[in-house]
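my_file_19.tsv follows (TSV, N, CA and C atoms):
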```tsv
chain	number	residue	atom	x	y	z
A	1	MET	N	17.21	-9.22	-0.08
A	1	MET	CA	16.54	-8.10	0.54
A	1	MET	C	15.03	-8.21	0.39
A	2	ILE	N	14.52	-8.37	-0.82
A	2	ILE	CA	13.08	-8.37	-1.04
A	2	ILE	C	12.47	-9.65	-0.46
A	3	GLY	N	11.36	-9.45	0.22
A	3	GLY	CA	10.65	-10.58	0.81
A	3	GLY	C	9.37	-10.85	0.04
A	4	ARG	N	8.41	-11.41	0.73
A	4	ARG	CA	7.16	-11.80	0.08
A	4	ARG	C	6.32	-10.58	-0.29
A	5	LEU	N	5.45	-10.77	-1.27
A	5	LEU	CA	4.46	-9.77	-1.62
A	5	LEU	C	3.48	-9.68	-0.46
A	6	ASN	N	3.35	-8.51	0.14
A	6	ASN	CA	2.42	-8.35	1.25
A	6	ASN	C	1.03	-7.98	0.75
A	7	HIS	N	0.98	-6.99	-0.17
A	7	HIS	CA	-0.33	-6.59	-0.70
A	7	HIS	C	-0.17	-5.82	-2.00
A	8	VAL	N	-1.28	-5.70	-2.69
A	8	VAL	CA	-1.41	-4.83	-3.85
A	8	VAL	C	-2.36	-3.71	-3.45
A	9	GLY	N	-1.90	-2.48	-3.59
A	9	GLY	CA	-2.72	-1.33	-3.25
A	9	GLY	C	-3.58	-0.92	-4.43
A	10	VAL	N	-4.86	-0.74	-4.18
A	10	VAL	CA	-5.82	-0.35	-5.21
A	10	VAL	C	-6.52	0.92	-4.75
A	11	ALA	N	-6.32	2.00	-5.51
A	11	ALA	CA	-7.01	3.25	-5.20
A	11	ALA	C	-8.45	3.14	-5.69
A	12	THR	N	-9.36	3.70	-4.92
A	12	THR	CA	-10.78	3.61	-5.26
A	12	THR	C	-11.51	4.86	-4.79
A	13	PRO	N	-12.49	5.30	-5.54
A	13	PRO	CA	-13.31	6.42	-5.04
A	13	PRO	C	-14.27	5.97	-3.94
A	14	SER	N	-14.49	4.64	-3.80
A	14	SER	CA	-15.42	4.14	-2.79
A	14	SER	C	-14.98	2.75	-2.30
A	15	ILE	N	-14.52	2.70	-1.08
A	15	ILE	CA	-14.15	1.41	-0.49
A	15	ILE	C	-15.36	0.48	-0.45
A	16	ALA	N	-16.50	0.99	-0.04
A	16	ALA	CA	-17.70	0.16	0.07
A	16	ALA	C	-18.04	-0.50	-1.26
A	17	GLU	N	-17.99	0.28	-2.34
A	17	GLU	CA	-18.30	-0.27	-3.66
A	17	GLU	C	-17.24	-1.29	-4.08
A	18	SER	N	-15.97	-1.01	-3.80
A	18	SER	CA	-14.91	-1.95	-4.17
A	18	SER	C	-15.01	-3.26	-3.40
A	19	VAL	N	-15.34	-3.19	-2.12
A	19	VAL	CA	-15.53	-4.42	-1.33
A	19	VAL	C	-16.66	-5.25	-1.94
A	20	ARG	N	-17.73	-4.58	-2.31
A	20	ARG	CA	-18.86	-5.29	-2.93
A	20	ARG	C	-18.41	-5.98	-4.22
A	21	VAL	N	-17.66	-5.30	-5.05
A	21	VAL	CA	-17.19	-5.88	-6.32
A	21	VAL	C	-16.29	-7.09	-6.07
A	22	TYR	N	-15.33	-6.95	-5.15
A	22	TYR	CA	-14.43	-8.08	-4.87
A	22	TYR	C	-15.21	-9.27	-4.31
A	23	ALA	N	-16.24	-9.01	-3.51
A	23	ALA	CA	-17.04	-10.10	-2.94
A	23	ALA	C	-17.92	-10.74	-4.00
A	24	GLU	N	-18.67	-9.93	-4.75
A	24	GLU	CA	-19.63	-10.48	-5.72
A	24	GLU	C	-18.97	-11.09	-6.95
A	25	LEU	N	-17.96	-10.43	-7.48
A	25	LEU	CA	-17.34	-10.93	-8.71
A	25	LEU	C	-16.26	-11.98	-8.47
A	26	LEU	N	-15.46	-11.78	-7.42
A	26	LEU	CA	-14.33	-12.68	-7.19
A	26	LEU	C	-14.50	-13.62	-6.00
A	27	GLY	N	-15.55	-13.42	-5.24
A	27	GLY	CA	-15.81	-14.32	-4.13
A	27	GLY	C	-14.97	-14.06	-2.89
A	28	ALA	N	-14.41	-12.85	-2.76
A	28	ALA	CA	-13.65	-12.53	-1.55
A	28	ALA	C	-14.58	-12.64	-0.34
A	29	THR	N	-14.10	-13.29	0.70
A	29	THR	CA	-14.95	-13.55	1.86
A	29	THR	C	-14.53	-12.82	3.11
A	30	ARG	N	-13.36	-12.20	3.12
A	30	ARG	CA	-12.89	-11.56	4.36
A	30	ARG	C	-12.37	-10.16	4.10
A	31	ALA	N	-13.19	-9.17	4.36
A	31	ALA	CA	-12.77	-7.77	4.30
A	31	ALA	C	-12.75	-7.23	5.72
A	32	HIS	N	-11.66	-6.59	6.09
A	32	HIS	CA	-11.54	-5.98	7.41
A	32	HIS	C	-12.36	-4.69	7.44
A	33	GLU	N	-12.60	-4.18	8.62
A	33	GLU	CA	-13.28	-2.90	8.76
A	33	GLU	C	-12.37	-1.79	8.23
A	34	PRO	N	-12.91	-0.89	7.44
A	34	PRO	CA	-12.10	0.25	6.98
A	34	PRO	C	-11.66	1.11	8.17
A	35	PHE	N	-10.50	1.75	8.03
A	35	PHE	CA	-10.01	2.66	9.06
A	35	PHE	C	-9.26	3.81	8.41
A	36	ASP	N	-9.20	4.92	9.12
A	36	ASP	CA	-8.56	6.12	8.61
A	36	ASP	C	-7.09	6.17	8.99
A	37	LEU	N	-6.27	6.65	8.06
A	37	LEU	CA	-4.87	6.96	8.31
A	37	LEU	C	-4.68	8.45	8.01
A	38	PRO	N	-5.06	9.32	8.93
A	38	PRO	CA	-5.01	10.76	8.66
A	38	PRO	C	-3.63	11.26	8.25
A	39	ALA	N	-2.56	10.71	8.84
A	39	ALA	CA	-1.21	11.16	8.51
A	39	ALA	C	-0.88	10.92	7.04
A	40	GLN	N	-1.53	9.94	6.42
A	40	GLN	CA	-1.28	9.65	5.01
A	40	GLN	C	-2.41	10.13	4.11
A	41	GLY	N	-3.47	10.65	4.70
A	41	GLY	CA	-4.57	11.19	3.93
A	41	GLY	C	-5.42	10.15	3.23
A	42	VAL	N	-5.51	8.96	3.84
A	42	VAL	CA	-6.27	7.88	3.20
A	42	VAL	C	-7.14	7.14	4.20
A	43	ARG	N	-8.17	6.52	3.69
A	43	ARG	CA	-9.00	5.53	4.39
A	43	ARG	C	-8.61	4.20	3.78
A	44	VAL	N	-8.45	3.17	4.59
A	44	VAL	CA	-7.90	1.88	4.14
A	44	VAL	C	-8.82	0.74	4.54
A	45	CYS	N	-8.88	-0.27	3.68
A	45	CYS	CA	-9.58	-1.51	3.99
A	45	CYS	C	-8.80	-2.65	3.36
A	46	PHE	N	-8.46	-3.65	4.15
A	46	PHE	CA	-7.75	-4.81	3.62
A	46	PHE	C	-8.73	-5.94	3.33
A	47	ILE	N	-8.52	-6.60	2.21
A	47	ILE	CA	-9.25	-7.81	1.84
A	47	ILE	C	-8.24	-8.95	1.88
A	48	ASP	N	-8.51	-9.94	2.71
A	48	ASP	CA	-7.59	-11.08	2.83
A	48	ASP	C	-7.72	-12.02	1.64
A	49	LEU	N	-6.58	-12.48	1.17
A	49	LEU	CA	-6.50	-13.52	0.16
A	49	LEU	C	-5.76	-14.69	0.78
A	50	SER	N	-5.70	-15.80	0.11
A	50	SER	CA	-5.03	-16.96	0.70
A	50	SER	C	-3.52	-16.74	0.86
A	51	ASN	N	-2.93	-15.90	0.03
A	51	ASN	CA	-1.49	-15.72	0.07
A	51	ASN	C	-1.03	-14.27	0.17
A	52	SER	N	-1.96	-13.33	0.32
A	52	SER	CA	-1.62	-11.92	0.34
A	52	SER	C	-2.86	-11.12	0.73
A	53	GLN	N	-2.85	-9.84	0.41
A	53	GLN	CA	-4.01	-8.98	0.66
A	53	GLN	C	-4.15	-7.97	-0.47
A	54	ILE	N	-5.37	-7.46	-0.61
A	54	ILE	CA	-5.64	-6.29	-1.42
A	54	ILE	C	-5.84	-5.16	-0.42
A	55	GLU	N	-5.16	-4.03	-0.63
A	55	GLU	CA	-5.35	-2.86	0.21
A	55	GLU	C	-6.15	-1.84	-0.60
A	56	LEU	N	-7.38	-1.62	-0.22
A	56	LEU	CA	-8.21	-0.61	-0.86
A	56	LEU	C	-7.91	0.72	-0.19
A	57	ILE	N	-7.62	1.74	-0.99
A	57	ILE	CA	-7.30	3.06	-0.44
A	57	ILE	C	-8.20	4.11	-1.09
A	58	GLU	N	-8.82	4.88	-0.24
A	58	GLU	CA	-9.78	5.91	-0.64
A	58	GLU	C	-9.27	7.24	-0.08
A	59	PRO	N	-9.47	8.34	-0.81
A	59	PRO	CA	-9.02	9.63	-0.27
A	59	PRO	C	-9.70	9.96	1.05
A	60	LEU	N	-8.95	10.58	1.92
A	60	LEU	CA	-9.46	11.05	3.21
A	60	LEU	C	-9.15	12.54	3.27
A	61	GLY	N	-10.15	13.35	3.03
A	61	GLY	CA	-9.95	14.80	3.06
A	61	GLY	C	-9.46	15.35	1.74
A	62	GLU	N	-9.47	16.66	1.64
A	62	GLU	CA	-9.13	17.34	0.38
A	62	GLU	C	-7.64	17.30	0.04
A	63	GLU	N	-6.79	17.05	1.02
A	63	GLU	CA	-5.34	17.05	0.79
A	63	GLU	C	-4.79	15.66	0.49
A	64	SER	N	-5.64	14.68	0.34
A	64	SER	CA	-5.19	13.31	0.12
A	64	SER	C	-4.37	13.17	-1.17
A	65	PRO	N	-3.23	12.49	-1.10
A	65	PRO	CA	-2.44	12.26	-2.31
A	65	PRO	C	-3.15	11.35	-3.31
A	66	ILE	N	-4.21	10.68	-2.90
A	66	ILE	CA	-4.93	9.78	-3.80
A	66	ILE	C	-5.81	10.56	-4.78
A	67	HIS	N	-6.13	11.80	-4.46
A	67	HIS	CA	-6.94	12.61	-5.37
A	67	HIS	C	-6.30	12.72	-6.75
A	68	GLY	N	-5.00	12.94	-6.80
A	68	GLY	CA	-4.31	13.06	-8.09
A	68	GLY	C	-4.41	11.78	-8.90
A	69	PHE	N	-4.24	10.65	-8.24
A	69	PHE	CA	-4.35	9.35	-8.92
A	69	PHE	C	-5.76	9.17	-9.47
A	70	LEU	N	-6.76	9.47	-8.66
A	70	LEU	CA	-8.15	9.30	-9.09
A	70	LEU	C	-8.55	10.32	-10.16
A	71	ALA	N	-7.90	11.47	-10.20
A	71	ALA	CA	-8.17	12.43	-11.27
A	71	ALA	C	-7.76	11.85	-12.62
A	72	ARG	N	-6.66	11.10	-12.60
A	72	ARG	CA	-6.18	10.44	-13.83
A	72	ARG	C	-6.89	9.12	-14.11
A	73	ASN	N	-7.42	8.51	-13.05
A	73	ASN	CA	-8.07	7.20	-13.13
A	73	ASN	C	-9.36	7.26	-12.32
A	74	PRO	N	-10.41	7.90	-12.84
A	74	PRO	CA	-11.61	8.16	-12.05
A	74	PRO	C	-12.27	6.93	-11.44
A	75	ARG	N	-12.13	5.79	-12.06
A	75	ARG	CA	-12.75	4.58	-11.51
A	75	ARG	C	-11.83	3.84	-10.55
A	76	GLY	N	-10.62	4.36	-10.38
A	76	GLY	CA	-9.64	3.72	-9.51
A	76	GLY	C	-8.72	2.81	-10.30
A	77	GLY	N	-7.88	2.07	-9.58
A	77	GLY	CA	-6.97	1.14	-10.24
A	77	GLY	C	-5.78	0.81	-9.36
A	78	GLN	N	-4.91	-0.05	-9.89
A	78	GLN	CA	-3.73	-0.45	-9.14
A	78	GLN	C	-2.88	0.76	-8.84
A	79	HIS	N	-2.57	0.95	-7.57
A	79	HIS	CA	-1.79	2.10	-7.13
A	79	HIS	C	-0.35	1.72	-6.83
A	80	HIS	N	-0.14	0.61	-6.13
A	80	HIS	CA	1.22	0.19	-5.76
A	80	HIS	C	1.25	-1.30	-5.42
A	81	VAL	N	2.46	-1.83	-5.34
A	81	VAL	CA	2.67	-3.17	-4.81
A	81	VAL	C	3.57	-3.02	-3.59
A	82	CYS	N	3.36	-3.87	-2.60
A	82	CYS	CA	4.11	-3.78	-1.35
A	82	CYS	C	4.84	-5.10	-1.08
A	83	PHE	N	6.15	-4.98	-0.89
A	83	PHE	CA	6.98	-6.14	-0.56
A	83	PHE	C	7.52	-5.98	0.85
A	84	GLU	N	7.64	-7.08	1.55
A	84	GLU	CA	8.21	-7.07	2.89
A	84	GLU	C	9.73	-7.10	2.81
A	85	VAL	N	10.37	-6.44	3.77
A	85	VAL	CA	11.82	-6.51	3.96
A	85	VAL	C	12.07	-6.71	5.45
A	86	ASP	N	13.16	-7.38	5.78
A	86	ASP	CA	13.46	-7.65	7.19
A	86	ASP	C	13.82	-6.38	7.96
A	87	ASP	N	14.57	-5.49	7.32
A	87	ASP	CA	15.07	-4.29	7.98
A	87	ASP	C	14.89	-3.11	7.04
A	88	ILE	N	13.94	-2.23	7.34
A	88	ILE	CA	13.60	-1.13	6.44
A	88	ILE	C	14.77	-0.16	6.26
A	89	LEU	N	15.53	0.11	7.32
A	89	LEU	CA	16.65	1.04	7.19
A	89	LEU	C	17.78	0.45	6.35
A	90	ALA	N	18.07	-0.82	6.53
A	90	ALA	CA	19.09	-1.47	5.71
A	90	ALA	C	18.66	-1.51	4.24
A	91	ALA	N	17.38	-1.80	4.01
A	91	ALA	CA	16.87	-1.82	2.63
A	91	ALA	C	16.98	-0.42	2.01
A	92	ARG	N	16.58	0.60	2.76
A	92	ARG	CA	16.67	1.98	2.26
A	92	ARG	C	18.11	2.33	1.90
A	93	ASP	N	19.04	2.04	2.81
A	93	ASP	CA	20.44	2.40	2.57
A	93	ASP	C	21.02	1.66	1.38
A	94	THR	N	20.68	0.39	1.23
A	94	THR	CA	21.15	-0.39	0.09
A	94	THR	C	20.59	0.16	-1.21
A	95	LEU	N	19.30	0.47	-1.22
A	95	LEU	CA	18.67	1.00	-2.43
A	95	LEU	C	19.21	2.37	-2.80
A	96	LYS	N	19.40	3.24	-1.82
A	96	LYS	CA	19.98	4.56	-2.10
A	96	LYS	C	21.38	4.43	-2.68
A	97	ALA	N	22.18	3.51	-2.12
A	97	ALA	CA	23.54	3.29	-2.62
A	97	ALA	C	23.54	2.80	-4.06
A	98	LYS	N	22.46	2.13	-4.46
A	98	LYS	CA	22.33	1.63	-5.83
A	98	LYS	C	21.67	2.65	-6.76
A	99	GLY	N	21.32	3.83	-6.21
A	99	GLY	CA	20.77	4.89	-7.04
A	99	GLY	C	19.27	5.01	-7.06
A	100	ALA	N	18.56	4.24	-6.27
A	100	ALA	CA	17.09	4.32	-6.25
A	100	ALA	C	16.65	5.58	-5.51
A	101	THR	N	15.52	6.11	-5.93
A	101	THR	CA	14.95	7.30	-5.30
A	101	THR	C	13.89	6.88	-4.29
A	102	ILE	N	14.11	7.29	-3.05
A	102	ILE	CA	13.14	7.04	-1.99
A	102	ILE	C	12.23	8.28	-1.95
A	103	LEU	N	10.93	8.08	-2.00
A	103	LEU	CA	10.00	9.21	-2.00
A	103	LEU	C	9.91	9.85	-0.62
A	104	GLY	N	9.45	11.09	-0.61
A	104	GLY	CA	9.32	11.83	0.64
A	104	GLY	C	10.68	12.21	1.17
A	105	ALA	N	10.79	12.28	2.47
A	105	ALA	CA	12.04	12.69	3.11
A	105	ALA	C	13.05	11.56	3.19
A	106	GLY	N	12.65	10.36	2.76
A	106	GLY	CA	13.57	9.22	2.83
A	106	GLY	C	13.59	8.53	4.17
A	107	GLU	N	12.76	8.99	5.07
A	107	GLU	CA	12.67	8.37	6.39
A	107	GLU	C	11.42	7.51	6.46
A	108	PRO	N	11.51	6.33	7.08
A	108	PRO	CA	10.31	5.49	7.20
A	108	PRO	C	9.23	6.17	8.01
A	109	ARG	N	7.99	5.83	7.67
A	109	ARG	CA	6.85	6.25	8.46
A	109	ARG	C	6.04	4.99	8.76
A	110	ILE	N	5.12	5.09	9.67
A	110	ILE	CA	4.32	3.92	10.05
A	110	ILE	C	3.17	3.77	9.06
A	111	GLY	N	3.05	2.57	8.51
A	111	GLY	CA	2.02	2.27	7.52
A	111	GLY	C	0.78	1.65	8.13
A	112	ALA	N	-0.09	1.20	7.27
A	112	ALA	CA	-1.39	0.66	7.69
A	112	ALA	C	-1.29	-0.61	8.53
A	113	HIS	N	-0.19	-1.34	8.41
A	113	HIS	CA	-0.01	-2.55	9.23
A	113	HIS	C	0.70	-2.25	10.55
A	114	GLY	N	0.99	-0.96	10.79
A	114	GLY	CA	1.65	-0.58	12.04
A	114	GLY	C	3.15	-0.81	12.03
A	115	THR	N	3.73	-1.01	10.86
A	115	THR	CA	5.17	-1.21	10.74
A	115	THR	C	5.76	-0.13	9.83
A	116	PRO	N	7.07	0.10	9.90
A	116	PRO	CA	7.70	1.13	9.06
A	116	PRO	C	7.61	0.80	7.57
A	117	ILE	N	7.36	1.86	6.76
A	117	ILE	CA	7.27	1.72	5.31
A	117	ILE	C	8.06	2.81	4.62
A	118	LEU	N	8.39	2.57	3.36
A	118	LEU	CA	8.98	3.53	2.45
A	118	LEU	C	8.40	3.28	1.06
A	119	PHE	N	8.42	4.30	0.21
A	119	PHE	CA	8.01	4.12	-1.17
A	119	PHE	C	9.18	4.43	-2.09
A	120	LEU	N	9.31	3.64	-3.16
A	120	LEU	CA	10.33	3.84	-4.17
A	120	LEU	C	9.71	4.50	-5.39
A	121	HIS	N	10.42	5.44	-5.97
A	121	HIS	CA	9.89	6.18	-7.12
A	121	HIS	C	9.65	5.23	-8.30
A	122	PRO	N	8.49	5.35	-8.95
A	122	PRO	CA	8.18	4.48	-10.09
A	122	PRO	C	9.21	4.55	-11.22
A	123	LYS	N	9.88	5.68	-11.40
A	123	LYS	CA	10.85	5.79	-12.50
A	123	LYS	C	12.01	4.81	-12.33
A	124	ASP	N	12.28	4.41	-11.11
A	124	ASP	CA	13.36	3.45	-10.84
A	124	ASP	C	12.86	2.00	-10.83
A	125	MET	N	11.54	1.83	-10.88
A	125	MET	CA	10.95	0.50	-10.71
A	125	MET	C	10.08	0.09	-11.89
A	126	GLY	N	10.48	0.48	-13.08
A	126	GLY	CA	9.75	0.08	-14.28
A	126	GLY	C	8.35	0.66	-14.36
A	127	GLY	N	8.14	1.84	-13.77
A	127	GLY	CA	6.85	2.48	-13.82
A	127	GLY	C	5.89	2.08	-12.72
A	128	VAL	N	6.34	1.26	-11.77
A	128	VAL	CA	5.48	0.78	-10.68
A	128	VAL	C	5.87	1.45	-9.37
A	129	LEU	N	4.89	2.01	-8.67
A	129	LEU	CA	5.13	2.52	-7.33
A	129	LEU	C	5.29	1.32	-6.40
A	130	VAL	N	6.44	1.24	-5.74
A	130	VAL	CA	6.73	0.11	-4.87
A	130	VAL	C	6.82	0.59	-3.43
A	131	GLU	N	6.08	-0.08	-2.57
A	131	GLU	CA	6.15	0.16	-1.14
A	131	GLU	C	6.98	-0.96	-0.53
A	132	LEU	N	7.88	-0.59	0.36
A	132	LEU	CA	8.62	-1.57	1.15
A	132	LEU	C	8.10	-1.46	2.57
A	133	MET	N	7.84	-2.59	3.16
A	133	MET	CA	7.27	-2.64	4.51
A	133	MET	C	8.12	-3.56	5.36
A	134	GLU	N	8.53	-3.08	6.52
A	134	GLU	CA	9.29	-3.95	7.41
A	134	GLU	C	8.39	-5.10	7.85
A	135	THR	N	8.91	-6.31	7.73
A	135	THR	CA	8.13	-7.50	8.07
A	135	THR	C	7.65	-7.40	9.52
A	136	PRO	N	6.37	-7.57	9.73
A	136	PRO	CA	5.87	-7.53	11.11
A	136	PRO	C	6.62	-8.55	11.98
A	137	LYS	N	6.98	-8.14	13.17
A	137	LYS	CA	7.80	-8.99	14.06
A	137	LYS	C	7.13	-10.34	14.35
A	138	GLU	N	5.80	-10.36	14.46
A	138	GLU	CA	5.11	-11.64	14.72
A	138	GLU	C	5.20	-12.60	13.55
A	139	ALA	N	5.62	-12.10	12.36
A	139	ALA	CA	5.74	-12.96	11.18
A	139	ALA	C	7.05	-13.71	11.15
A	140	HIS	N	7.99	-13.33	12.02
A	140	HIS	CA	9.31	-14.00	12.02
A	140	HIS	C	9.24	-15.37	12.65
```

Represent the structure contained in this file as structure tokens.
Amino acid sequence: MIGRLNHVGVATPSIAESVRVYAELLGATRAHEPFDLPAQGVRVCFIDLSNSQIELIEPLGEESPIHGFLARNPRGGQHHVCFEVDDILAARDTLKAKGATILGAGEPRIGAHGTPILFLHPKDMGGVLVELMETPKEAH
């Protein structure tokens, strides 16, 4: 079921500052233009790596779910890891049958890559928030 690591999500109070840090300290050379995901309450910027991506996520508006994370971690930090799956509904059904908790209503929503996503509760995943993302069709 689990596919490749697609990205590591990093919450940040400032995408611009985080891009600068990744470029100056780690030599990252390709950051995409930030964009808003109002339905999820976040602003997003992807940094390309040779084998994956870093997803920088910044709160968008006062209702952003990232505010709570940043209240506990004011400088930001690792928020989630995202793995690809071939079929998001099959993955959801298999995980639910095994007792995993799917966050939200349990229905996929469209994520930052334009494909269906779900999140698994950290209590079932060793304390790590896990995002599952349906593998983009062009990746097949």

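Between Ser50 in chain A and the residues A:Ile102, A:Ala28, A:Asp124, A:Pro136, the shortest atom-to-atom distance, using only C-alpha atoms, involves A:Ala28.
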
Contacts of range 108-114 of chain A at 12 Å (only C-alpha atoms; same-chain gap of 6+ positions) as number ranges by chain: A: 6-7, 9, 34-46, 53, 55-57, 82, 84, 87-93, 102, 120, 131-138

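Between atom C of Val8 in chain A and atom N of Lys96 in chain A there is a distance of 22.9 Å.
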
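CA of Tyr22 in chain A sits 29.8 Å away from CA of Lys123 in chain A.
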
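CA of Leu95 in chain A to CA of Pro122 in chain A spans 13.4 Å [interatomic distance, one decimal].
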
Return as JSON, numbers by chain the full set of residues in range 14-129 of chain A whose backbone-based DSSP assignment is strand (DSSP E). {"A": [35, 36, 37, 42, 43, 44, 45, 46, 47, 48, 53, 54, 55, 56, 57, 58, 59, 77, 78, 79, 80, 81, 82, 83, 84, 85, 109, 110, 116, 117, 118, 119, 120]}

Tell me, which residues of chain A carry DSSP alpha helix (DSSP H), written as a PDB file with N, CA and C atoms, keeping the file's coordinate frame?
```
ATOM      1  N   ILE A  15     -14.520   2.700  -1.080  1.00  0.00           N
ATOM      2  CA  ILE A  15     -14.150   1.410  -0.490  1.00  0.00           C
ATOM      3  C   ILE A  15     -15.360   0.480  -0.450  1.00  0.00           C
ATOM      4  N   ALA A  16     -16.500   0.990  -0.040  1.00  0.00           N
ATOM      5  CA  ALA A  16     -17.700   0.160   0.070  1.00  0.00           C
ATOM      6  C   ALA A  16     -18.040  -0.500  -1.260  1.00  0.00           C
ATOM      7  N   GLU A  17     -17.990   0.280  -2.340  1.00  0.00           N
ATOM      8  CA  GLU A  17     -18.300  -0.270  -3.660  1.00  0.00           C
ATOM      9  C   GLU A  17     -17.240  -1.290  -4.080  1.00  0.00           C
ATOM     10  N   SER A  18     -15.970  -1.010  -3.800  1.00  0.00           N
ATOM     11  CA  SER A  18     -14.910  -1.950  -4.170  1.00  0.00           C
ATOM     12  C   SER A  18     -15.010  -3.260  -3.400  1.00  0.00           C
ATOM     13  N   VAL A  19     -15.340  -3.190  -2.120  1.00  0.00           N
ATOM     14  CA  VAL A  19     -15.530  -4.420  -1.330  1.00  0.00           C
ATOM     15  C   VAL A  19     -16.660  -5.250  -1.940  1.00  0.00           C
ATOM     16  N   ARG A  20     -17.730  -4.580  -2.310  1.00  0.00           N
ATOM     17  CA  ARG A  20     -18.860  -5.290  -2.930  1.00  0.00           C
ATOM     18  C   ARG A  20     -18.410  -5.980  -4.220  1.00  0.00           C
ATOM     19  N   VAL A  21     -17.660  -5.300  -5.050  1.00  0.00           N
ATOM     20  CA  VAL A  21     -17.190  -5.880  -6.320  1.00  0.00           C
ATOM     21  C   VAL A  21     -16.290  -7.090  -6.070  1.00  0.00           C
ATOM     22  N   TYR A  22     -15.330  -6.950  -5.150  1.00  0.00           N
ATOM     23  CA  TYR A  22     -14.430  -8.080  -4.870  1.00  0.00           C
ATOM     24  C   TYR A  22     -15.210  -9.270  -4.310  1.00  0.00           C
ATOM     25  N   ALA A  23     -16.240  -9.010  -3.510  1.00  0.00           N
ATOM     26  CA  ALA A  23     -17.040 -10.100  -2.940  1.00  0.00           C
ATOM     27  C   ALA A  23     -17.920 -10.740  -4.000  1.00  0.00           C
ATOM     28  N   GLU A  24     -18.670  -9.930  -4.750  1.00  0.00           N
ATOM     29  CA  GLU A  24     -19.630 -10.480  -5.720  1.00  0.00           C
ATOM     30  C   GLU A  24     -18.970 -11.090  -6.950  1.00  0.00           C
ATOM     31  N   LEU A  25     -17.960 -10.430  -7.480  1.00  0.00           N
ATOM     32  CA  LEU A  25     -17.340 -10.930  -8.710  1.00  0.00           C
ATOM     33  C   LEU A  25     -16.260 -11.980  -8.470  1.00  0.00           C
ATOM     34  N   LEU A  26     -15.460 -11.780  -7.420  1.00  0.00           N
ATOM     35  CA  LEU A  26     -14.330 -12.680  -7.190  1.00  0.00           C
ATOM     36  C   LEU A  26     -14.500 -13.620  -6.000  1.00  0.00           C
ATOM     37  N   ILE A  66      -4.210  10.680  -2.900  1.00  0.00           N
ATOM     38  CA  ILE A  66      -4.930   9.780  -3.800  1.00  0.00           C
ATOM     39  C   ILE A  66      -5.810  10.560  -4.780  1.00  0.00           C
ATOM     40  N   HIS A  67      -6.130  11.800  -4.460  1.00  0.00           N
ATOM     41  CA  HIS A  67      -6.940  12.610  -5.370  1.00  0.00           C
ATOM     42  C   HIS A  67      -6.300  12.720  -6.750  1.00  0.00           C
ATOM     43  N   GLY A  68      -5.000  12.940  -6.800  1.00  0.00           N
ATOM     44  CA  GLY A  68      -4.310  13.060  -8.090  1.00  0.00           C
ATOM     45  C   GLY A  68      -4.410  11.780  -8.900  1.00  0.00           C
ATOM     46  N   PHE A  69      -4.240  10.650  -8.240  1.00  0.00           N
ATOM     47  CA  PHE A  69      -4.350   9.350  -8.920  1.00  0.00           C
ATOM     48  C   PHE A  69      -5.760   9.170  -9.470  1.00  0.00           C
ATOM     49  N   LEU A  70      -6.760   9.470  -8.660  1.00  0.00           N
ATOM     50  CA  LEU A  70      -8.150   9.300  -9.090  1.00  0.00           C
ATOM     51  C   LEU A  70      -8.550  10.320 -10.160  1.00  0.00           C
ATOM     52  N   ALA A  71      -7.900  11.470 -10.200  1.00  0.00           N
ATOM     53  CA  ALA A  71      -8.170  12.430 -11.270  1.00  0.00           C
ATOM     54  C   ALA A  71      -7.760  11.850 -12.620  1.00  0.00           C
ATOM     55  N   ARG A  72      -6.660  11.100 -12.600  1.00  0.00           N
ATOM     56  CA  ARG A  72      -6.180  10.440 -13.830  1.00  0.00           C
ATOM     57  C   ARG A  72      -6.890   9.120 -14.110  1.00  0.00           C
ATOM     58  N   ILE A  88      13.940  -2.230   7.340  1.00  0.00           N
ATOM     59  CA  ILE A  88      13.600  -1.130   6.440  1.00  0.00           C
ATOM     60  C   ILE A  88      14.770  -0.160   6.260  1.00  0.00           C
ATOM     61  N   LEU A  89      15.530   0.110   7.320  1.00  0.00           N
ATOM     62  CA  LEU A  89      16.650   1.040   7.190  1.00  0.00           C
ATOM     63  C   LEU A  89      17.780   0.450   6.350  1.00  0.00           C
ATOM     64  N   ALA A  90      18.070  -0.820   6.530  1.00  0.00           N
ATOM     65  CA  ALA A  90      19.090  -1.470   5.710  1.00  0.00           C
ATOM     66  C   ALA A  90      18.660  -1.510   4.240  1.00  0.00           C
ATOM     67  N   ALA A  91      17.380  -1.800   4.010  1.00  0.00           N
ATOM     68  CA  ALA A  91      16.870  -1.820   2.630  1.00  0.00           C
ATOM     69  C   ALA A  91      16.980  -0.420   2.010  1.00  0.00           C
ATOM     70  N   ARG A  92      16.580   0.600   2.760  1.00  0.00           N
ATOM     71  CA  ARG A  92      16.670   1.980   2.260  1.00  0.00           C
ATOM     72  C   ARG A  92      18.110   2.330   1.900  1.00  0.00           C
ATOM     73  N   ASP A  93      19.040   2.040   2.810  1.00  0.00           N
ATOM     74  CA  ASP A  93      20.440   2.400   2.570  1.00  0.00           C
ATOM     75  C   ASP A  93      21.020   1.660   1.380  1.00  0.00           C
ATOM     76  N   THR A  94      20.680   0.390   1.230  1.00  0.00           N
ATOM     77  CA  THR A  94      21.150  -0.390   0.090  1.00  0.00           C
ATOM     78  C   THR A  94      20.590   0.160  -1.210  1.00  0.00           C
ATOM     79  N   LEU A  95      19.300   0.470  -1.220  1.00  0.00           N
ATOM     80  CA  LEU A  95      18.670   1.000  -2.430  1.00  0.00           C
ATOM     81  C   LEU A  95      19.210   2.370  -2.800  1.00  0.00           C
ATOM     82  N   LYS A  96      19.400   3.240  -1.820  1.00  0.00           N
ATOM     83  CA  LYS A  96      19.980   4.560  -2.100  1.00  0.00           C
ATOM     84  C   LYS A  96      21.380   4.430  -2.680  1.00  0.00           C
ATOM     85  N   ALA A  97      22.180   3.510  -2.120  1.00  0.00           N
ATOM     86  CA  ALA A  97      23.540   3.290  -2.620  1.00  0.00           C
ATOM     87  C   ALA A  97      23.540   2.800  -4.060  1.00  0.00           C
TER      88      ALA A  97
END
```

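With distances restricted to all atoms listed in the file, A:Phe119 is the closest residue to Glu107 in chain A from A:Arg4, A:Pro74, A:Glu17, A:Phe119.
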